[in-house]
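Q: Below are the structure tokens for one structure; questions will follow.
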Amino acid sequence: MNSFLKTIILLGWITVIIPSVSIAQRYVTRSRTVQLYKVLDVSLSSTSSVFDFSALTNYENGITKPGMITATVKANVPWKLTLTLGNNTLSPQITPTPMPASVIGIKASTSSVYTPVQNNAPFFVQNNPGLYTVVFDLRAIPGYQYETQEYIGDFYFTVSQQ
């Protein structure tokens, strides 16, 4: 019995000591770093890139292509999306006489005013950091002064920090 009593007293002491050990706490910290870099990204999608002037009224009224270009901008800084050209003309495919690129006008679909496409006064839109989809409408009005042929021009969209 005496050894039984000693075992109970020993277990009692262990029970008293164990909770006091588990109450003690130790904190260890580790720092973690999240490193971000400047993000400026643009991607483009478009509908048909051809303005087909097969109807006579199109020469006078022009052809409007709503939603012809869609730009998706991803940026974590304030940004500016600028349209420029390889040069200020549309290159003819047959004769040497170019057409000025300004026969094409561009606007954001939320705007009401078309801006002629030209390098000396580039078209741009700008906004704050975030993910944006910007839809552009284009309109071409060449009139009657240009020769019958295809005219081609390269449009460059550049995203930069404001």
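Naming scheme: A, B, ... for chains in displayed order of the structure tokens; residues 1 onward per chain; ligands 1 onward as shown.
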Give me the residues near Asp41 in chain A as a list in words, where near means some atom within 7 Å (using only C-alpha atoms) and where sequence neighbours in that chain fewer than 2 positions away do not count.

A: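 Everything that qualifies: Val39, Ser43, Val73, Lys74, Ala75 and Val159 of chain A.
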
Q: Would you save the residues of that selection, restricted to all heavy atoms, as a PDB file, in the first residue's frame?

A:
```
ATOM      1  N   VAL A  39       4.447  46.918 -62.854  1.00  0.00           N
ATOM      2  CA  VAL A  39       3.724  46.155 -63.868  1.00  0.00           C
ATOM      3  C   VAL A  39       3.083  47.137 -64.835  1.00  0.00           C
ATOM      4  O   VAL A  39       2.310  48.003 -64.437  1.00  0.00           O
ATOM      5  CB  VAL A  39       2.626  45.271 -63.228  1.00  0.00           C
ATOM      6  CG1 VAL A  39       1.803  44.589 -64.316  1.00  0.00           C
ATOM      7  CG2 VAL A  39       3.218  44.258 -62.283  1.00  0.00           C
ATOM      8  N   SER A  43      -2.324  44.177 -73.887  1.00  0.00           N
ATOM      9  CA  SER A  43      -2.584  43.199 -74.946  1.00  0.00           C
ATOM     10  C   SER A  43      -3.732  43.735 -75.794  1.00  0.00           C
ATOM     11  O   SER A  43      -4.593  44.465 -75.300  1.00  0.00           O
ATOM     12  CB  SER A  43      -2.912  41.826 -74.369  1.00  0.00           C
ATOM     13  OG  SER A  43      -4.052  41.882 -73.555  1.00  0.00           O
ATOM     14  N   VAL A  73      -5.287  46.526 -70.308  1.00  0.00           N
ATOM     15  CA  VAL A  73      -4.129  47.103 -69.620  1.00  0.00           C
ATOM     16  C   VAL A  73      -4.100  46.579 -68.194  1.00  0.00           C
ATOM     17  O   VAL A  73      -5.110  46.610 -67.492  1.00  0.00           O
ATOM     18  CB  VAL A  73      -4.192  48.648 -69.614  1.00  0.00           C
ATOM     19  CG1 VAL A  73      -3.025  49.237 -68.833  1.00  0.00           C
ATOM     20  CG2 VAL A  73      -4.222  49.194 -71.032  1.00  0.00           C
ATOM     21  N   LYS A  74      -2.923  46.103 -67.784  1.00  0.00           N
ATOM     22  CA  LYS A  74      -2.686  45.663 -66.411  1.00  0.00           C
ATOM     23  C   LYS A  74      -1.531  46.503 -65.889  1.00  0.00           C
ATOM     24  O   LYS A  74      -0.445  46.508 -66.488  1.00  0.00           O
ATOM     25  CB  LYS A  74      -2.298  44.187 -66.361  1.00  0.00           C
ATOM     26  CG  LYS A  74      -3.341  43.254 -66.925  1.00  0.00           C
ATOM     27  CD  LYS A  74      -2.801  41.848 -67.007  1.00  0.00           C
ATOM     28  CE  LYS A  74      -3.796  40.944 -67.736  1.00  0.00           C
ATOM     29  NZ  LYS A  74      -3.242  39.610 -67.957  1.00  0.00           N
ATOM     30  N   ALA A  75      -1.769  47.215 -64.798  1.00  0.00           N
ATOM     31  CA  ALA A  75      -0.723  48.096 -64.271  1.00  0.00           C
ATOM     32  C   ALA A  75      -0.900  48.302 -62.772  1.00  0.00           C
ATOM     33  O   ALA A  75      -2.021  48.397 -62.292  1.00  0.00           O
ATOM     34  CB  ALA A  75      -0.766  49.448 -64.985  1.00  0.00           C
ATOM     35  N   VAL A 159       2.206  51.270 -73.686  1.00  0.00           N
ATOM     36  CA  VAL A 159       1.765  51.605 -72.338  1.00  0.00           C
ATOM     37  C   VAL A 159       3.000  52.084 -71.572  1.00  0.00           C
ATOM     38  O   VAL A 159       4.077  51.509 -71.690  1.00  0.00           O
ATOM     39  CB  VAL A 159       1.063  50.422 -71.641  1.00  0.00           C
ATOM     40  CG1 VAL A 159       2.002  49.267 -71.384  1.00  0.00           C
ATOM     41  CG2 VAL A 159       0.381  50.868 -70.366  1.00  0.00           C
TER      42      VAL A 159
END
```

Q: For Asp154 in chain A, please output as number ranges by chain all residues within 12 Å (counting only C-alpha atoms; exclusion window: fewer than 2 positions along the same chain).

A: A: 49, 83-91, 101, 117-119, 151-152, 156-157

Q: Can you tell me, as an MDAnalysis selection string, which residues in range 1-149 of chain A count as alpha helix (DSSP H) by DSSP?

A: chainID A and resid 2:23 56:61

Q: Write out as a PyMOL selection string all residues of chain A that backbone DSSP assigns to strand (DSSP E or B).

A: chain A and resi 40-46+63-75+79-85+89-92+99-100+104-108+115-116+123-127+130-140+151-152+155-161
